[in-house]
Structures are given as C-alpha cells and as structure tokens.
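Visitor: Got a structure for you, input_11.txt, holding compact mmCIF, C-alpha atoms and all ligand atoms.
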# COMPACT_ATOMS: atom_id res chain seq x y z
CA MET G 71 -67.99 123.45 -51.52
CA PRO G 72 -64.68 123.40 -49.66
CA GLY G 73 -62.13 121.52 -51.65
CA ARG G 74 -64.28 121.73 -54.71
CA ARG G 75 -62.79 124.01 -57.31
CA PRO G 76 -65.76 125.93 -58.68
CA SER G 77 -66.32 124.65 -62.17
CA ARG G 78 -67.83 126.51 -65.11
CA THR G 79 -66.16 129.75 -64.02
CA LEU G 80 -65.32 132.66 -66.27
CA ARG G 81 -62.39 134.92 -65.42
CA VAL G 82 -63.73 138.45 -65.92
CA ALA G 83 -61.15 140.75 -64.35
CA SER G 84 -58.08 141.05 -62.18
CA ILE G 85 -58.17 143.54 -59.31
CA ALA G 86 -54.89 144.35 -57.53
CA GLY G 87 -53.53 141.09 -58.94
CA ILE G 88 -56.48 139.04 -57.61
CA ASP G 89 -58.46 137.17 -60.28
CA LEU G 90 -62.21 137.70 -60.29
CA ARG G 91 -64.25 134.76 -61.63
CA LEU G 92 -67.96 134.30 -62.23
CA ASP G 93 -69.50 130.88 -61.63
CA ALA G 94 -72.47 130.02 -63.86
CA SER G 95 -74.64 129.90 -60.71
CA TRP G 96 -73.85 133.59 -60.05
CA ILE G 97 -76.95 134.55 -62.06
CA VAL G 98 -79.05 133.02 -59.23
CA SER G 99 -77.51 135.42 -56.72
CA LEU G 100 -78.14 138.39 -59.05
CA VAL G 101 -81.83 137.42 -59.28
CA ILE G 102 -82.10 137.06 -55.47
CA LEU G 103 -80.23 140.31 -54.71
CA SER G 104 -82.45 142.14 -57.24
CA TYR G 105 -85.48 140.61 -55.51
CA TYR G 106 -84.29 141.90 -52.10
CA ALA G 107 -83.59 145.32 -53.67
CA TYR G 108 -87.10 145.28 -55.17
CA ALA G 109 -88.61 144.47 -51.75
CA GLU G 110 -86.59 147.29 -50.15
CA ILE G 111 -87.37 150.02 -52.68
CA THR G 112 -91.08 149.22 -52.99
CA ARG G 113 -91.23 149.44 -49.18
CA THR G 114 -89.43 152.78 -48.84
CA ILE G 115 -89.75 154.55 -52.19
CA VAL G 116 -92.97 155.79 -53.73
CA ARG G 117 -93.75 153.06 -56.22
CA SER G 118 -93.14 154.06 -59.80
CA ASP G 119 -96.17 153.94 -62.06
CA ALA G 120 -94.09 152.07 -64.59
CA ALA G 121 -93.40 148.54 -63.29
CA VAL G 122 -90.63 148.27 -65.88
CA THR G 123 -88.80 151.19 -64.21
CA THR G 124 -89.08 149.55 -60.78
CA VAL G 125 -87.70 146.27 -62.13
CA ALA G 126 -84.86 148.07 -63.96
CA VAL G 127 -83.92 149.98 -60.78
CA SER G 128 -84.06 146.71 -58.79
CA VAL G 129 -81.65 144.97 -61.18
CA ALA G 130 -79.33 148.01 -61.10
CA LEU G 131 -79.36 147.86 -57.28
CA GLY G 132 -78.83 144.08 -57.47
CA LEU G 133 -75.68 144.72 -59.53
CA ALA G 134 -74.59 147.42 -57.05
CA LEU G 135 -74.97 144.83 -54.26
CA VAL G 136 -72.79 142.44 -56.25
CA LEU G 137 -70.09 145.16 -56.23
CA CYS G 138 -70.56 145.51 -52.44
CA ILE G 139 -70.08 141.73 -52.03
CA LEU G 140 -66.98 141.99 -54.22
CA ALA G 141 -65.61 144.77 -51.96
CA HIS G 142 -66.32 142.50 -48.91
CA GLU G 143 -64.35 139.65 -50.54
CA LEU G 144 -61.53 141.97 -51.65
CA ALA G 145 -61.13 143.09 -48.02
CA HIS G 146 -60.71 139.40 -46.95
CA SER G 147 -58.31 138.71 -49.83
CA LEU G 148 -56.13 141.82 -49.44
CA VAL G 149 -55.75 141.37 -45.67
CA ALA G 150 -54.90 137.68 -46.26
CA ARG G 151 -52.26 138.68 -48.79
CA GLY G 152 -50.97 141.26 -46.31
CA TYR G 153 -50.29 138.32 -43.95
CA GLY G 154 -48.41 136.52 -46.72
CA LEU G 155 -51.20 134.04 -47.51
CA PRO G 156 -51.50 133.20 -51.23
CA VAL G 157 -54.87 134.21 -52.74
CA ARG G 158 -55.98 132.28 -55.81
CA GLY G 159 -58.88 134.59 -56.55
CA ILE G 160 -62.43 135.61 -55.79
CA THR G 161 -65.38 133.69 -57.23
CA LEU G 162 -68.91 135.05 -57.31
CA PHE G 163 -71.50 132.26 -57.21
CA ALA G 164 -75.11 131.50 -56.15
CA PHE G 165 -74.61 132.32 -52.44
CA GLY G 166 -72.59 135.51 -52.97
CA GLY G 167 -68.82 135.35 -53.09
CA VAL G 168 -65.86 133.36 -51.82
CA SER G 169 -62.20 134.27 -51.47
CA GLN G 170 -59.97 131.34 -52.36
CA ILE G 171 -57.14 131.70 -49.87
CA GLU G 172 -54.82 128.80 -50.52
CA ARG G 173 -53.37 128.33 -47.05
CA GLU G 174 -54.90 128.37 -43.57
CA ALA G 175 -53.92 131.34 -41.39
CA PRO G 176 -50.76 130.47 -39.43
CA ASP G 177 -51.97 131.91 -36.11
CA PRO G 178 -55.18 133.07 -34.37
CA ALA G 179 -54.42 136.78 -34.84
CA SER G 180 -54.17 136.61 -38.64
CA GLU G 181 -57.27 134.36 -38.81
CA TYR G 182 -59.15 136.95 -36.73
CA MET G 183 -58.06 139.89 -38.90
CA VAL G 184 -58.76 138.15 -42.25
CA ALA G 185 -62.24 137.11 -41.02
CA LEU G 186 -63.08 140.55 -39.60
CA ALA G 187 -61.98 142.48 -42.72
CA GLY G 188 -65.03 141.47 -44.83
CA PRO G 189 -67.82 142.44 -42.38
CA LEU G 190 -65.88 145.60 -41.49
CA MET G 191 -65.88 146.59 -45.18
CA SER G 192 -69.67 145.95 -45.37
CA ILE G 193 -70.22 148.12 -42.27
CA VAL G 194 -68.08 150.94 -43.77
CA ILE G 195 -70.12 150.79 -47.02
CA ALA G 196 -73.40 150.77 -45.04
CA THR G 197 -72.28 153.79 -42.99
CA VAL G 198 -71.08 155.83 -45.99
CA LEU G 199 -74.18 155.10 -48.12
CA GLY G 200 -76.42 155.70 -45.09
CA GLY G 201 -74.82 159.16 -44.80
CA VAL G 202 -75.44 159.78 -48.52
CA ALA G 203 -79.12 158.73 -48.13
CA ARG G 204 -79.57 161.15 -45.22
CA LEU G 205 -77.91 164.01 -47.13
CA LEU G 206 -80.21 163.42 -50.13
CA ASN G 207 -83.35 163.17 -47.98
CA PRO G 208 -82.96 165.89 -45.31
CA GLY G 209 -85.62 166.06 -42.64
CA ILE G 210 -86.94 162.53 -43.31
CA GLU G 211 -86.60 159.90 -40.57
CA GLY G 212 -84.80 156.69 -41.49
CA LEU G 213 -82.87 155.73 -44.60
CA HIS G 214 -84.68 156.40 -47.85
CA GLY G 215 -84.05 156.01 -51.56
CA PRO G 216 -81.79 153.55 -53.37
CA TRP G 217 -78.69 154.53 -51.32
CA GLY G 218 -80.62 153.85 -48.13
CA ALA G 219 -81.71 150.44 -49.48
CA ILE G 220 -78.11 149.43 -50.33
CA SER G 221 -76.93 150.75 -46.96
CA ARG G 222 -79.45 148.58 -45.08
CA LEU G 223 -78.71 145.47 -47.17
CA ASN G 224 -74.96 145.90 -46.51
CA LEU G 225 -75.65 146.13 -42.80
CA TRP G 226 -77.64 142.88 -43.03
CA LEU G 227 -74.78 141.30 -44.98
CA ALA G 228 -72.36 142.24 -42.16
CA ILE G 229 -74.71 141.03 -39.40
CA PHE G 230 -75.49 137.71 -41.13
CA ASN G 231 -71.80 137.05 -41.80
CA LEU G 232 -70.94 137.77 -38.15
CA ILE G 233 -73.22 134.96 -36.86
CA PRO G 234 -70.66 132.68 -35.17
CA ALA G 235 -71.35 129.72 -37.48
CA PHE G 236 -68.17 128.36 -39.06
CA PRO G 237 -67.18 128.76 -41.92
CA MET G 238 -68.98 132.12 -42.01
CA ASP G 239 -66.89 135.12 -40.89
CA GLY G 240 -68.31 135.12 -37.36
CA GLY G 241 -67.48 131.39 -37.14
CA ARG G 242 -63.90 132.10 -38.20
CA ILE G 243 -63.66 134.80 -35.54
CA LEU G 244 -65.02 132.26 -33.03
CA ARG G 245 -62.44 129.71 -34.25
CA SER G 246 -59.61 132.21 -33.76
CA LEU G 247 -60.74 132.83 -30.16
CA LEU G 248 -61.15 129.08 -29.45
CA TRP G 249 -57.71 128.57 -31.01
CA VAL G 250 -56.22 130.86 -28.36
CA VAL G 251 -58.07 128.97 -25.60
CA ALA G 252 -57.39 125.43 -26.90
CA HIS G 253 -53.85 126.04 -28.25
CA SER G 254 -54.88 123.86 -31.20
CA ARG G 255 -56.33 124.91 -34.52
CA ALA G 256 -57.68 121.41 -35.14
CA ARG G 257 -59.64 121.35 -31.89
CA ALA G 258 -60.84 124.94 -32.37
CA THR G 259 -62.01 124.06 -35.90
CA ARG G 260 -63.96 121.02 -34.68
CA TRP G 261 -65.68 123.07 -31.97
CA ALA G 262 -66.44 125.97 -34.34
CA ALA G 263 -67.63 123.51 -37.03
CA ASN G 264 -70.05 121.95 -34.52
CA VAL G 265 -71.55 125.39 -33.78
CA GLY G 266 -71.70 125.97 -37.56
CA ARG G 267 -73.53 122.67 -38.12
CA GLY G 268 -75.96 123.50 -35.31
CA PHE G 269 -76.80 126.85 -36.87
CA ALA G 270 -77.04 125.28 -40.35
CA THR G 271 -79.47 122.64 -39.00
CA PHE G 272 -81.56 125.41 -37.43
CA LEU G 273 -81.62 127.30 -40.79
CA ILE G 274 -82.65 124.16 -42.71
CA ALA G 275 -85.34 123.19 -40.18
CA SER G 276 -86.84 126.68 -39.89
CA GLY G 277 -86.68 127.08 -43.68
CA VAL G 278 -88.64 123.84 -44.18
CA VAL G 279 -91.22 124.78 -41.49
CA VAL G 280 -91.74 128.33 -42.83
CA PHE G 281 -91.93 127.00 -46.40
CA GLY G 282 -94.62 124.53 -45.33
CA LEU G 283 -96.60 127.20 -43.46
CA SER G 284 -96.37 129.66 -46.37
CA ALA G 285 -97.63 126.95 -48.74
CA ILE G 286 -100.70 126.54 -46.48
CA ARG G 287 -101.29 130.25 -45.81
CA GLY G 288 -99.94 131.63 -49.09
CA ASN G 289 -98.19 134.55 -47.33
CA GLY G 290 -95.30 134.90 -49.79
CA ALA G 291 -92.55 133.79 -47.38
CA ALA G 292 -91.71 130.75 -49.52
CA PRO G 293 -88.76 132.24 -51.49
CA ASN G 294 -86.97 133.41 -48.31
CA ALA G 295 -87.64 130.06 -46.61
CA LEU G 296 -86.30 128.13 -49.59
CA TRP G 297 -83.23 130.37 -49.71
CA ALA G 298 -82.57 129.87 -45.97
CA THR G 299 -82.77 126.09 -46.50
CA PHE G 300 -80.24 126.17 -49.35
CA ILE G 301 -77.83 128.39 -47.39
CA GLY G 302 -78.20 126.02 -44.42
CA MET G 303 -77.29 123.03 -46.62
CA PHE G 304 -74.27 124.87 -48.05
CA LEU G 305 -73.06 125.84 -44.56
CA TYR G 306 -73.60 122.32 -43.18
CA ASN G 307 -71.52 120.76 -45.95
CA ALA G 308 -68.80 123.42 -45.63
CA ALA G 309 -68.58 123.01 -41.82
CA SER G 310 -68.46 119.21 -42.12
CA ALA G 311 -65.76 119.34 -44.79
CA SER G 312 -63.64 121.69 -42.65
CA ALA G 313 -63.94 119.37 -39.67
CA ARG G 314 -62.88 116.41 -41.87
CA ILE G 315 -59.83 118.31 -43.17
CA GLU G 316 -58.73 119.25 -39.63
CA GLY G 317 -59.53 115.74 -38.41
CA GLY G 318 -56.87 114.44 -40.78
CA GLU G 319 -59.29 112.60 -43.05
CA ARG G 320 -58.42 114.81 -46.02
CA PRO G 321 -55.05 116.35 -45.18
CA ASP G 322 -54.30 117.27 -48.82
CA ALA G 323 -57.56 119.15 -49.39
CA PRO G 324 -57.33 122.93 -49.76
CA PRO G 325 -58.77 125.03 -46.91
CA PRO G 326 -62.44 125.98 -47.15
CA PRO G 327 -63.14 129.20 -49.05
CA THR G 328 -63.68 132.39 -47.05
CA VAL G 329 -67.25 133.58 -47.55
ZN ZN G 401 -66.93 137.43 -45.45
Translate this structure into structure tokens?
Guide:
Amino acid sequence: MPGRRPSRTLRVASIAGIDLRLDASWIVSLVILSYYAYAEITRTIVRSDAAVTTVAVSVALGLALVLCILAHELAHSLVARGYGLPVRGITLFAFGGVSQIEREAPDPASEYMVALAGPLMSIVIATVLGGVARLLNPGIEGLHGPWGAISRLNLWLAIFNLIPAFPMDGGRILRSLLWVVAHSRARATRWAANVGRGFATFLIASGVVVFGLSAIRGNGAAPNALWATFIGMFLYNAASASARIEGGERPDAPPPPTV
C-alpha cells in the first residue's frame, strides 16, 4: 500500500479542511466491523427474537465503529498538521483507515506525537462510552449494551494499533524511540520495519494454522483467521516498502500512510 495512491476512491466530505475519501474496498471493513459488533452484542445483550433487528443493530454499530476509526485518523492528521506536515486526506478502506501525511516527521518527537494521537483518541472514546454504558446499566458488572460493545472494540483498536510492528502506530512509536538511540531515521526505520515484518509473519502463519484447524474442527474461527492473514500480508508489504524507501531504493516515493 505505501506509495500506492488508493484508486477507486470517492471523496465524501471535508472535515477541518481534511478530505475524507472512501475506497471501494471500504465495504469489506463495514461488513467485518458489523460482524464483530454482532459477536459482541449477541454475547452481552439478550438476543432479540427478531434476527432482523439484531442484524440492523449490528450494522448500525458497524457504522458507529467506522466513525470511531475516522476520529482515530483525524487525531493523527490534525496533530500532523499541527507540526506543519501537509495532510492529503483520510481514506477509509478494507483494513480500516489511513491518514495520507505527505511528508515524514522531521524529528523523533513529532513522529512520536503523531503516532500516539490515534490510539489516544481510541482510548478516550472507549473510556467515555464505557462510562455511558455503566450509567445506563447501574448495578451490573462489566460493560453492557451497545455503548459497552463499542467501548470494548475501541479499546481493542487502541491495543492492536499499539503493537510495536511498523508501520502500525506502536511501530511508529518504536521507530521514534530507535531514532533517538540511533541518531538516524533510516536505521531506525529498518530496525522497526524488521520487527514489523516479524510480527506480520507471525500473523500470517498463525492465521493459516488456525484456518486449517478450524476447517478440520469446524469451530467457526475461520473468518478471524483469514482476516489475520490478510492484515499480516498488508503489514508485511507496508513494512517492506518503508524499508525500501529509507534504504534509498525508492527515494521519490511518498511516505507510507499512517494507519
Ligand atoms: Zn493509528
């Protein structure tokens, strides 16, 4: 994905001067987010007699999660702009969203802050909606209802993004720290990209193994396993492309998108 301008995109809005575009593949992420919302609400909410209602609520929650991902990306983009980095826009696609920041951060501190802003926004949303869920369900342990479901999924979004696998947010934070140690962004990027490729390989391998086991046992883990494999492939390509750009093989290529 890095360097590749998302094709087939539709500009749908402009928020604070930042263009929001939808890639055709975005519909895949809406289906998957609705599926996660469905799994969450059927686990914690008394199942509605009408399956149609459950599906409609799941899709509504899927759309709400899309807005949460948008808020995560806006946090990256606005902090980047605050540091004077040009932001081309935000694109929602199959794996969630990316902020297209047109220049690499000039120093480790700005890289750190831009990377941290997204997960921080997801944690704030999780905390606020968790509070709402508790207020609406007094006396019940844990987070219940649709607000509780969105709160939990935002927390997962923050945790997953903070895994130190470049170019995910945690990997960018790792790169900023290595940058301080190595006094070289290129070297820090190569190290962080290697960690990213290691994690991506682990995701792909475990996805393939779990997919195979679920095919034998029929335990329903196949969709998650397949999804993990695809995310692993996306991350592996993105980490490799970043390493190539910093290695001087593609000096003219734009920086990888911020996820
Ligand atoms: Zn992010």
Visitor: Excluding same-chain residues fewer than 3 positions from region 229-241 of chain G, what lies within 8 Å of it counting all atoms listed in the file, as a list in words?
Guide: Ala185, Leu186, Gly188, Pro189, Leu225, Trp226, Leu244, Arg245, Ala262, Ala263, Val265, Gly266, Arg267, Phe269, Ala270, Leu305, Ala308, Ala309, Ser312, Pro326, Thr328 and Val329 of chain G
Visitor: Report, in Å with one decimal, the straight-line distance from CA of Val194 (chain G) to CA of Ala94 (chain G).
Guide: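 Going from CA of Val194 (chain G) over to CA of Ala94 (chain G), I get 29.3 Å.
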Visitor: When you look at Leu90 (chain G) with a cut-off of 9 Å (counting all atoms listed in the file), what residues show up, excluding the ones that are within fewer than 2 positions of it in the same chain? I need them as a PDB file with C-alpha atoms, in the frame of the given file.
Guide:
ATOM      1  CA  LEU G  80     -65.320 132.660 -66.270  1.00  0.00           C
ATOM      2  CA  ARG G  81     -62.390 134.920 -65.420  1.00  0.00           C
ATOM      3  CA  VAL G  82     -63.730 138.450 -65.920  1.00  0.00           C
ATOM      4  CA  ALA G  83     -61.150 140.750 -64.350  1.00  0.00           C
ATOM      5  CA  SER G  84     -58.080 141.050 -62.180  1.00  0.00           C
ATOM      6  CA  ILE G  85     -58.170 143.540 -59.310  1.00  0.00           C
ATOM      7  CA  ILE G  88     -56.480 139.040 -57.610  1.00  0.00           C
ATOM      8  CA  LEU G  92     -67.960 134.300 -62.230  1.00  0.00           C
ATOM      9  CA  LEU G 140     -66.980 141.990 -54.220  1.00  0.00           C
ATOM     10  CA  GLY G 159     -58.880 134.590 -56.550  1.00  0.00           C
ATOM     11  CA  ILE G 160     -62.430 135.610 -55.790  1.00  0.00           C
ATOM     12  CA  THR G 161     -65.380 133.690 -57.230  1.00  0.00           C
ATOM     13  CA  LEU G 162     -68.910 135.050 -57.310  1.00  0.00           C
TER      14      LEU G 162
END
Visitor: Name the closest residue to Leu135 (chain G) among the candidates G:Ser104, G:Thr259, G:Asn264, G:Ser310; distances are taken between atoms, counting only C-alpha atoms.
Guide: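 Between G:Ser104, G:Thr259, G:Asn264, G:Ser310, the residue approaching Leu135 (chain G) most closely is G:Ser104.
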Visitor: May I ask which of the residues G:Ala145, G:Ala298, G:Val198, G:Met303 is the closest one to ligand ZN 401 (chain G), counting only C-alpha atoms and all ligand atoms?
Guide: G:Ala145
Visitor: Using all atoms listed in the file, collect all residues at a distance of at most 10 Å from (-56.3, 122.6, -35.1) as written in the file, then present them as a PyMOL selection string.
Guide: chain G and resi 245+248-249+252-261+313+315-318
Visitor: Please supply region 179-201 of chain G, rebuilt with N, CA and C atoms, as a PDB file, keeping the file's coordinate frame.
Guide:
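What ended up in result_14.pdb:
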ATOM      1  N   ALA G 179     -54.291 135.343 -34.579  1.00  0.00           N
ATOM      2  CA  ALA G 179     -54.420 136.780 -34.840  1.00  0.00           C
ATOM      3  C   ALA G 179     -54.694 137.051 -36.315  1.00  0.00           C
ATOM      4  N   SER G 180     -53.952 136.374 -37.208  1.00  0.00           N
ATOM      5  CA  SER G 180     -54.170 136.610 -38.640  1.00  0.00           C
ATOM      6  C   SER G 180     -55.526 136.055 -39.079  1.00  0.00           C
ATOM      7  N   GLU G 181     -55.938 134.908 -38.522  1.00  0.00           N
ATOM      8  CA  GLU G 181     -57.270 134.360 -38.810  1.00  0.00           C
ATOM      9  C   GLU G 181     -58.356 135.377 -38.433  1.00  0.00           C
ATOM     10  N   TYR G 182     -58.197 135.967 -37.238  1.00  0.00           N
ATOM     11  CA  TYR G 182     -59.150 136.950 -36.730  1.00  0.00           C
ATOM     12  C   TYR G 182     -59.235 138.151 -37.671  1.00  0.00           C
ATOM     13  N   MET G 183     -58.073 138.686 -38.076  1.00  0.00           N
ATOM     14  CA  MET G 183     -58.060 139.890 -38.900  1.00  0.00           C
ATOM     15  C   MET G 183     -58.619 139.627 -40.308  1.00  0.00           C
ATOM     16  N   VAL G 184     -58.255 138.479 -40.911  1.00  0.00           N
ATOM     17  CA  VAL G 184     -58.760 138.150 -42.250  1.00  0.00           C
ATOM     18  C   VAL G 184     -60.284 138.001 -42.205  1.00  0.00           C
ATOM     19  N   ALA G 185     -60.791 137.339 -41.148  1.00  0.00           N
ATOM     20  CA  ALA G 185     -62.240 137.110 -41.020  1.00  0.00           C
ATOM     21  C   ALA G 185     -62.987 138.421 -40.790  1.00  0.00           C
ATOM     22  N   LEU G 186     -62.395 139.307 -39.972  1.00  0.00           N
ATOM     23  CA  LEU G 186     -63.080 140.550 -39.600  1.00  0.00           C
ATOM     24  C   LEU G 186     -63.124 141.542 -40.766  1.00  0.00           C
ATOM     25  N   ALA G 187     -62.126 141.476 -41.654  1.00  0.00           N
ATOM     26  CA  ALA G 187     -61.980 142.480 -42.720  1.00  0.00           C
ATOM     27  C   ALA G 187     -63.236 142.596 -43.592  1.00  0.00           C
ATOM     28  N   GLY G 188     -63.863 141.444 -43.941  1.00  0.00           N
ATOM     29  CA  GLY G 188     -65.030 141.470 -44.830  1.00  0.00           C
ATOM     30  C   GLY G 188     -66.226 142.199 -44.214  1.00  0.00           C
ATOM     31  N   PRO G 189     -66.699 141.747 -43.015  1.00  0.00           N
ATOM     32  CA  PRO G 189     -67.820 142.440 -42.380  1.00  0.00           C
ATOM     33  C   PRO G 189     -67.528 143.913 -42.104  1.00  0.00           C
ATOM     34  N   LEU G 190     -66.252 144.205 -41.759  1.00  0.00           N
ATOM     35  CA  LEU G 190     -65.880 145.600 -41.490  1.00  0.00           C
ATOM     36  C   LEU G 190     -66.087 146.440 -42.756  1.00  0.00           C
ATOM     37  N   MET G 191     -65.678 145.889 -43.910  1.00  0.00           N
ATOM     38  CA  MET G 191     -65.880 146.590 -45.180  1.00  0.00           C
ATOM     39  C   MET G 191     -67.374 146.827 -45.427  1.00  0.00           C
ATOM     40  N   SER G 192     -68.219 145.814 -45.163  1.00  0.00           N
ATOM     41  CA  SER G 192     -69.670 145.950 -45.370  1.00  0.00           C
ATOM     42  C   SER G 192     -70.241 147.033 -44.461  1.00  0.00           C
ATOM     43  N   ILE G 193     -69.729 147.112 -43.224  1.00  0.00           N
ATOM     44  CA  ILE G 193     -70.220 148.120 -42.270  1.00  0.00           C
ATOM     45  C   ILE G 193     -69.793 149.519 -42.736  1.00  0.00           C
ATOM     46  N   VAL G 194     -68.557 149.636 -43.255  1.00  0.00           N
ATOM     47  CA  VAL G 194     -68.080 150.940 -43.770  1.00  0.00           C
ATOM     48  C   VAL G 194     -68.972 151.378 -44.942  1.00  0.00           C
ATOM     49  N   ILE G 195     -69.259 150.452 -45.869  1.00  0.00           N
ATOM     50  CA  ILE G 195     -70.120 150.790 -47.020  1.00  0.00           C
ATOM     51  C   ILE G 195     -71.509 151.206 -46.525  1.00  0.00           C
ATOM     52  N   ALA G 196     -72.071 150.454 -45.570  1.00  0.00           N
ATOM     53  CA  ALA G 196     -73.400 150.770 -45.040  1.00  0.00           C
ATOM     54  C   ALA G 196     -73.416 152.160 -44.411  1.00  0.00           C
ATOM     55  N   THR G 197     -72.345 152.490 -43.678  1.00  0.00           N
ATOM     56  CA  THR G 197     -72.280 153.790 -42.990  1.00  0.00           C
ATOM     57  C   THR G 197     -72.176 154.926 -43.997  1.00  0.00           C
ATOM     58  N   VAL G 198     -71.281 154.770 -44.995  1.00  0.00           N
ATOM     59  CA  VAL G 198     -71.080 155.830 -45.990  1.00  0.00           C
ATOM     60  C   VAL G 198     -72.363 156.048 -46.804  1.00  0.00           C
ATOM     61  N   LEU G 199     -72.967 154.955 -47.302  1.00  0.00           N
ATOM     62  CA  LEU G 199     -74.180 155.100 -48.120  1.00  0.00           C
ATOM     63  C   LEU G 199     -75.366 155.567 -47.280  1.00  0.00           C
ATOM     64  N   GLY G 200     -75.387 155.190 -45.999  1.00  0.00           N
ATOM     65  CA  GLY G 200     -76.420 155.700 -45.090  1.00  0.00           C
ATOM     66  C   GLY G 200     -76.307 157.211 -44.955  1.00  0.00           C
ATOM     67  N   GLY G 201     -75.062 157.709 -44.874  1.00  0.00           N
ATOM     68  CA  GLY G 201     -74.820 159.160 -44.800  1.00  0.00           C
ATOM     69  C   GLY G 201     -75.288 159.844 -46.077  1.00  0.00           C
TER      70      GLY G 201
END
